[in-house]
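Below: one structure, written as structure tokens.
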Amino acid sequence: MGHPSTAPRGDDDTGDSIWDVLAEPHVVEYHTGEQGRFAHSWLVSCLDDCESAGDRVRLGDSTTGTYVMLSLFMEEYAHAEIFEARGLSDVQRERLHALGWRPETTGTSPIRPTWSLRWGWYEPDKEHLARCGEAVIGALRDVLAVPPERLRCRSWGEDGPLDVPDRLRDRDERPTATGAPALCTGWEDLRRRLDWVLLTLPTESAVVMRNEDHGVVQFMTGVDGLVSTGAIDHHPGGPELPEPGDPRTDRERRLFEIGWTPETATPAYIGWTLGTPIIWADAGPPATQAVEALRALGFHDPSEITVRTFRNGRGLGPVAYVAGELGLRPEKT
């Protein structure tokens, strides 16, 4: 995150390699006080204690959009998916196939196909679990070539952020867990914070960033990771929708350039949208486009932004943490 923090385990000369940490065996504490020690990695069992379908753990390098996401579905099976913003080469695909990954068309990913692994929740075939653990680690280390010092973790579900697995607490991407300052320090800092917030936001929750002199940028999460997006320009170049080839103001030109599309026009404002991206597939682009939209609308610094958050039907409570994670001033109510 660019803030001072304790070096993650495995990043110094004396610690274990992070790959060794991920490969540590799964250990169960029984009520008798005895321990059960299994050959497979704890990583493929880290979703066992999740309380609801849709809980997710993401491991990878946010700076490149390269990661593996583990998900729990319907208390029946766990599912690992690979995301690589730069695309996979033929050699990488061959290596994934050799590790046991298979291309699938799933209902959970906008990428067709997605490279996937599946195993049962409380999988009885321990050899299969061992292979899956090795395949997840091999994909991150050998195929995606995630630098060990840049491997980070985040976890979330339908109701918002979750604690990351204990072994990865020092690699938690939550802004306040990294030692982020109380107030956002600049646009790049806001982009990183917003990337985490949008990905982990509870379902049916809103983040509204605004300043009445400049405009509004807002997001509302829906089911299955879909998010509604909006930007409002309070200084329109006219009462009609602008055309991409004929922007009337510098603000309109910049919004077109960064991927926003006008959808509502009045004499008082123009409403823009990014459509409804699937936010957890990669929060990076919407977070970047949001920050660039704020700048295009005339915000000079994040200190000019106030943020309003709420969850439909539940008020501020479930999302009261958002302003602190963004490092923005909460809107007075």
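The chains in the structure tokens are called A, B, ... from first to last as shown; in each chain the residues are counted from 1, and the ligands are counted from 1 in the order shown.
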Just the residues within 6 Å of region 124-139 of chain A, please, counting only C-alpha atoms, with nothing from its chain fewer than 6 positions along; format it as JSON, numbers by chain.
{"A": [40, 41, 44, 99]}
Kindly provide the residues of region 196-237 of chain A that approach region 166-178 of chain A to within 12 Å, each paired with its closest atom pair and their distance in Å to one decimal, based on only C-alpha atoms, listed by chain and increasing number, as a Markdown table.
| residue | atom | partner | partner_atom | distance |
| --- | --- | --- | --- | --- |
| A:Trp196 | CA | A:Arg174 | CA | 6.6 |
| A:Val197 | CA | A:Arg174 | CA | 8.3 |
| A:Leu198 | CA | A:Arg174 | CA | 11.6 |
| A:Leu199 | CA | A:Arg174 | CA | 10.9 |
| A:Thr200 | CA | A:Arg174 | CA | 9.5 |
| A:Leu201 | CA | A:Arg174 | CA | 11.9 |
Those same residues, written as a CSV table (one decimal), in the first residue's frame with C-alpha atoms?
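In the end it all went to part.csv:
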chain,number,residue,atom,x,y,z
A,196,TRP,CA,-9.9,-2.8,-1.5
A,197,VAL,CA,-13.2,-1.1,-0.4
A,198,LEU,CA,-15.0,-1.8,-3.7
A,199,LEU,CA,-14.0,-5.4,-3.8
A,200,THR,CA,-15.0,-6.2,-0.2
A,201,LEU,CA,-18.1,-4.0,0.1
I'd like the contact shell of Trp115 (chain A) - 6 Å cut-off, only C-alpha atoms, skipping same-chain residues fewer than 2 positions apart - returned as a PyMOL selection string.
chain A and resi 81-82+101-103
Prev. selection, N, CA and C atoms, output as a PDB file, in the first residue's frame:
ATOM      1  N   GLU A  81     -10.111 -19.949  -8.748  1.00  0.00           N
ATOM      2  CA  GLU A  81     -10.082 -19.368 -10.090  1.00  0.00           C
ATOM      3  C   GLU A  81      -8.843 -18.496 -10.241  1.00  0.00           C
ATOM      4  N   ILE A  82      -8.307 -18.462 -11.446  1.00  0.00           N
ATOM      5  CA  ILE A  82      -7.121 -17.667 -11.744  1.00  0.00           C
ATOM      6  C   ILE A  82      -7.512 -16.423 -12.529  1.00  0.00           C
ATOM      7  N   TRP A 101      -5.211 -27.724 -13.240  1.00  0.00           N
ATOM      8  CA  TRP A 101      -6.210 -26.689 -13.511  1.00  0.00           C
ATOM      9  C   TRP A 101      -6.893 -26.989 -14.844  1.00  0.00           C
ATOM     10  N   ARG A 102      -8.182 -26.634 -14.936  1.00  0.00           N
ATOM     11  CA  ARG A 102      -8.930 -26.857 -16.158  1.00  0.00           C
ATOM     12  C   ARG A 102      -9.720 -25.607 -16.537  1.00  0.00           C
ATOM     13  N   PRO A 103      -9.802 -25.301 -17.844  1.00  0.00           N
ATOM     14  CA  PRO A 103     -10.610 -24.148 -18.271  1.00  0.00           C
ATOM     15  C   PRO A 103     -12.089 -24.484 -18.179  1.00  0.00           C
TER      16      PRO A 103
END
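Excluding Ala78 (chain A) itself and same-chain residues fewer than 5 positions from it, the residues having an atom within 7 Å of it are A:Leu70, A:Ser71, A:Leu72, A:Phe73, A:Arg118, A:Trp119, A:Gly120, A:Trp121, counting only C-alpha atoms.
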For Leu255 (chain A), please output as a PDB file with N, CA and C atoms, in the first residue's frame all residues within 8 Å (counting only C-alpha atoms; exclusion window: fewer than 6 positions along the same chain).
ATOM      1  N   THR A 261     -19.462   6.656 -19.863  1.00  0.00           N
ATOM      2  CA  THR A 261     -20.448   6.874 -20.921  1.00  0.00           C
ATOM      3  C   THR A 261     -21.602   7.707 -20.377  1.00  0.00           C
ATOM      4  N   ALA A 293     -12.134  10.000 -12.684  1.00  0.00           N
ATOM      5  CA  ALA A 293     -13.367  10.784 -12.849  1.00  0.00           C
ATOM      6  C   ALA A 293     -13.417  11.923 -11.847  1.00  0.00           C
ATOM      7  N   ALA A 296     -11.229  14.532 -13.194  1.00  0.00           N
ATOM      8  CA  ALA A 296     -11.829  15.165 -14.375  1.00  0.00           C
ATOM      9  C   ALA A 296     -12.938  16.133 -13.985  1.00  0.00           C
TER      10      ALA A 296
END
What parts of region 139-320 of chain A does DSSP call strand (DSSP E or B)? I'd like the answer as an MDAnalysis selection string.
chainID A and resid 152:157 160:161 172 205:211 215:221 226:233 243 246 261:265 270:273 278 306:311 315
Please write the residues from the selection above to a file, keeping N, CA and C atoms, as a tab-separated table (two decimals), in the first residue's frame.
chain	number	residue	atom	x	y	z
A	152	ARG	N	-0.11	-10.70	-1.43
A	152	ARG	CA	-0.99	-10.13	-0.42
A	152	ARG	C	-2.32	-10.87	-0.42
A	153	CYS	N	-3.12	-10.62	0.63
A	153	CYS	CA	-4.37	-11.36	0.82
A	153	CYS	C	-5.49	-10.42	1.22
A	154	ARG	N	-6.70	-10.72	0.75
A	154	ARG	CA	-7.92	-10.07	1.22
A	154	ARG	C	-9.03	-11.10	1.26
A	155	SER	N	-10.01	-10.89	2.12
A	155	SER	CA	-11.10	-11.86	2.26
A	155	SER	C	-12.40	-11.10	2.49
A	156	TRP	N	-13.50	-11.62	1.92
A	156	TRP	CA	-14.78	-10.93	2.04
A	156	TRP	C	-15.92	-11.91	1.74
A	157	GLY	N	-17.15	-11.46	2.05
A	157	GLY	CA	-18.35	-12.23	1.76
A	157	GLY	C	-19.50	-11.29	1.46
A	160	GLY	N	-19.57	-8.21	3.66
A	160	GLY	CA	-18.43	-7.32	3.74
A	160	GLY	C	-17.13	-8.00	4.07
A	161	PRO	N	-16.15	-7.23	4.56
A	161	PRO	CA	-14.81	-7.78	4.80
A	161	PRO	C	-14.82	-8.88	5.85
A	172	ASP	N	-2.29	-8.87	5.02
A	172	ASP	CA	-3.64	-8.35	4.85
A	172	ASP	C	-3.59	-7.02	4.10
A	205	SER	N	-24.77	-2.24	-0.99
A	205	SER	CA	-24.19	-1.12	-0.26
A	205	SER	C	-23.72	-0.05	-1.23
A	206	ALA	N	-23.70	1.18	-0.74
A	206	ALA	CA	-23.33	2.32	-1.59
A	206	ALA	C	-22.15	3.07	-1.00
A	207	VAL	N	-21.30	3.58	-1.91
A	207	VAL	CA	-20.24	4.52	-1.56
A	207	VAL	C	-20.43	5.73	-2.46
A	208	VAL	N	-20.66	6.88	-1.86
A	208	VAL	CA	-20.93	8.11	-2.61
A	208	VAL	C	-19.86	9.13	-2.24
A	209	MET	N	-19.00	9.49	-3.19
A	209	MET	CA	-17.94	10.48	-2.97
A	209	MET	C	-18.33	11.75	-3.70
A	210	ARG	N	-18.34	12.87	-2.98
A	210	ARG	CA	-18.85	14.07	-3.65
A	210	ARG	C	-18.35	15.36	-3.02
A	211	ASN	N	-18.63	16.42	-3.76
A	211	ASN	CA	-18.42	17.80	-3.37
A	211	ASN	C	-19.36	18.60	-4.26
A	215	GLY	N	-18.91	17.64	-8.20
A	215	GLY	CA	-19.73	16.55	-8.70
A	215	GLY	C	-19.72	15.36	-7.78
A	216	VAL	N	-20.12	14.22	-8.34
A	216	VAL	CA	-20.32	13.00	-7.56
A	216	VAL	C	-19.75	11.81	-8.32
A	217	VAL	N	-19.12	10.87	-7.60
A	217	VAL	CA	-18.78	9.56	-8.14
A	217	VAL	C	-19.30	8.54	-7.13
A	218	GLN	N	-20.08	7.56	-7.61
A	218	GLN	CA	-20.73	6.66	-6.67
A	218	GLN	C	-20.82	5.23	-7.21
A	219	PHE	N	-20.93	4.29	-6.26
A	219	PHE	CA	-21.04	2.87	-6.57
A	219	PHE	C	-22.11	2.25	-5.67
A	220	MET	N	-22.85	1.27	-6.22
A	220	MET	CA	-23.81	0.50	-5.44
A	220	MET	C	-23.63	-0.97	-5.81
A	221	THR	N	-23.30	-1.81	-4.85
A	221	THR	CA	-23.08	-3.22	-5.12
A	221	THR	C	-24.40	-3.98	-5.19
A	226	LEU	N	-21.94	-7.79	-9.05
A	226	LEU	CA	-22.28	-6.69	-9.95
A	226	LEU	C	-22.32	-5.38	-9.17
A	227	VAL	N	-21.91	-4.31	-9.82
A	227	VAL	CA	-21.94	-3.01	-9.16
A	227	VAL	C	-22.46	-1.96	-10.13
A	228	SER	N	-23.38	-1.13	-9.66
A	228	SER	CA	-23.86	0.00	-10.45
A	228	SER	C	-22.91	1.17	-10.24
A	229	THR	N	-22.63	1.88	-11.31
A	229	THR	CA	-21.65	2.96	-11.26
A	229	THR	C	-22.27	4.27	-11.73
A	230	GLY	N	-21.79	5.36	-11.18
A	230	GLY	CA	-22.32	6.65	-11.61
A	230	GLY	C	-21.37	7.79	-11.31
A	231	ALA	N	-21.37	8.78	-12.19
A	231	ALA	CA	-20.65	10.03	-11.97
A	231	ALA	C	-21.57	11.15	-12.42
A	232	ILE	N	-21.61	12.24	-11.68
A	232	ILE	CA	-22.48	13.37	-11.99
A	232	ILE	C	-21.64	14.63	-12.15
A	233	ASP	N	-21.76	15.23	-13.33
A	233	ASP	CA	-21.06	16.47	-13.66
A	233	ASP	C	-22.03	17.63	-13.48
A	243	GLU	N	-21.56	13.79	-27.26
A	243	GLU	CA	-21.14	12.72	-28.16
A	243	GLU	C	-19.64	12.46	-27.99
A	246	ASP	N	-17.46	14.59	-30.06
A	246	ASP	CA	-17.66	16.03	-30.00
A	246	ASP	C	-17.94	16.49	-28.57
A	261	THR	N	-19.46	6.66	-19.86
A	261	THR	CA	-20.45	6.87	-20.92
A	261	THR	C	-21.60	7.71	-20.38
A	262	PRO	N	-22.00	8.81	-21.06
A	262	PRO	CA	-23.13	9.61	-20.57
A	262	PRO	C	-24.44	8.86	-20.76
A	263	GLU	N	-25.32	8.94	-19.75
A	263	GLU	CA	-26.60	8.24	-19.85
A	263	GLU	C	-27.80	9.11	-19.49
A	264	THR	N	-27.58	10.24	-18.78
A	264	THR	CA	-28.67	11.11	-18.36
A	264	THR	C	-28.26	12.56	-18.58
A	265	ALA	N	-29.16	13.35	-19.16
A	265	ALA	CA	-28.85	14.76	-19.40
A	265	ALA	C	-29.99	15.64	-18.92
A	270	ILE	N	-25.03	16.26	-16.05
A	270	ILE	CA	-24.93	15.09	-16.92
A	270	ILE	C	-24.55	13.90	-16.05
A	271	GLY	N	-25.31	12.80	-16.19
A	271	GLY	CA	-24.99	11.58	-15.46
A	271	GLY	C	-24.22	10.62	-16.35
A	272	TRP	N	-23.15	10.04	-15.81
A	272	TRP	CA	-22.26	9.13	-16.54
A	272	TRP	C	-22.23	7.77	-15.86
A	273	THR	N	-21.84	6.73	-16.60
A	273	THR	CA	-21.78	5.39	-16.03
A	273	THR	C	-20.62	4.59	-16.63
A	278	ILE	N	-18.36	-6.54	-12.98
A	278	ILE	CA	-18.32	-7.49	-11.88
A	278	ILE	C	-17.11	-7.12	-11.05
A	306	THR	N	-16.04	14.43	0.42
A	306	THR	CA	-16.73	13.81	1.55
A	306	THR	C	-17.36	12.52	1.04
A	307	VAL	N	-17.50	11.54	1.92
A	307	VAL	CA	-18.02	10.24	1.52
A	307	VAL	C	-19.25	9.88	2.36
A	308	ARG	N	-20.26	9.39	1.66
A	308	ARG	CA	-21.47	8.89	2.32
A	308	ARG	C	-21.56	7.40	2.02
A	309	THR	N	-21.85	6.59	3.02
A	309	THR	CA	-22.00	5.16	2.83
A	309	THR	C	-23.26	4.67	3.52
A	310	PHE	N	-23.88	3.66	2.94
A	310	PHE	CA	-25.05	3.03	3.58
A	310	PHE	C	-25.28	1.68	2.93
A	311	ARG	N	-26.04	0.85	3.64
A	311	ARG	CA	-26.47	-0.42	3.09
A	311	ARG	C	-27.99	-0.43	3.06
A	315	GLY	N	-29.02	0.99	6.89
A	315	GLY	CA	-28.38	2.22	7.30
A	315	GLY	C	-26.87	2.18	7.22
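Distance-wise, CA of Ser45 (chain A) and CA of Asp20 (chain A) end up 16.1 Å apart.
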Polymer residues at most 12 Å from Thr64 (chain A), only C-alpha atoms, same-chain spacing of 5 or more positions, as a ChimeraX atom specification
/A:83-87,144-147,150-152,282-285
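The interatomic distance for the pair CA of Pro25 (chain A) and CA of Pro165 (chain A) works out to 13.9 Å.
Proximity to Val21 (chain A) was assessed for A:Pro148, A:Pro247, A:Val143, A:His235 counting only C-alpha atoms; the smallest distance is recorded for A:Pro148.
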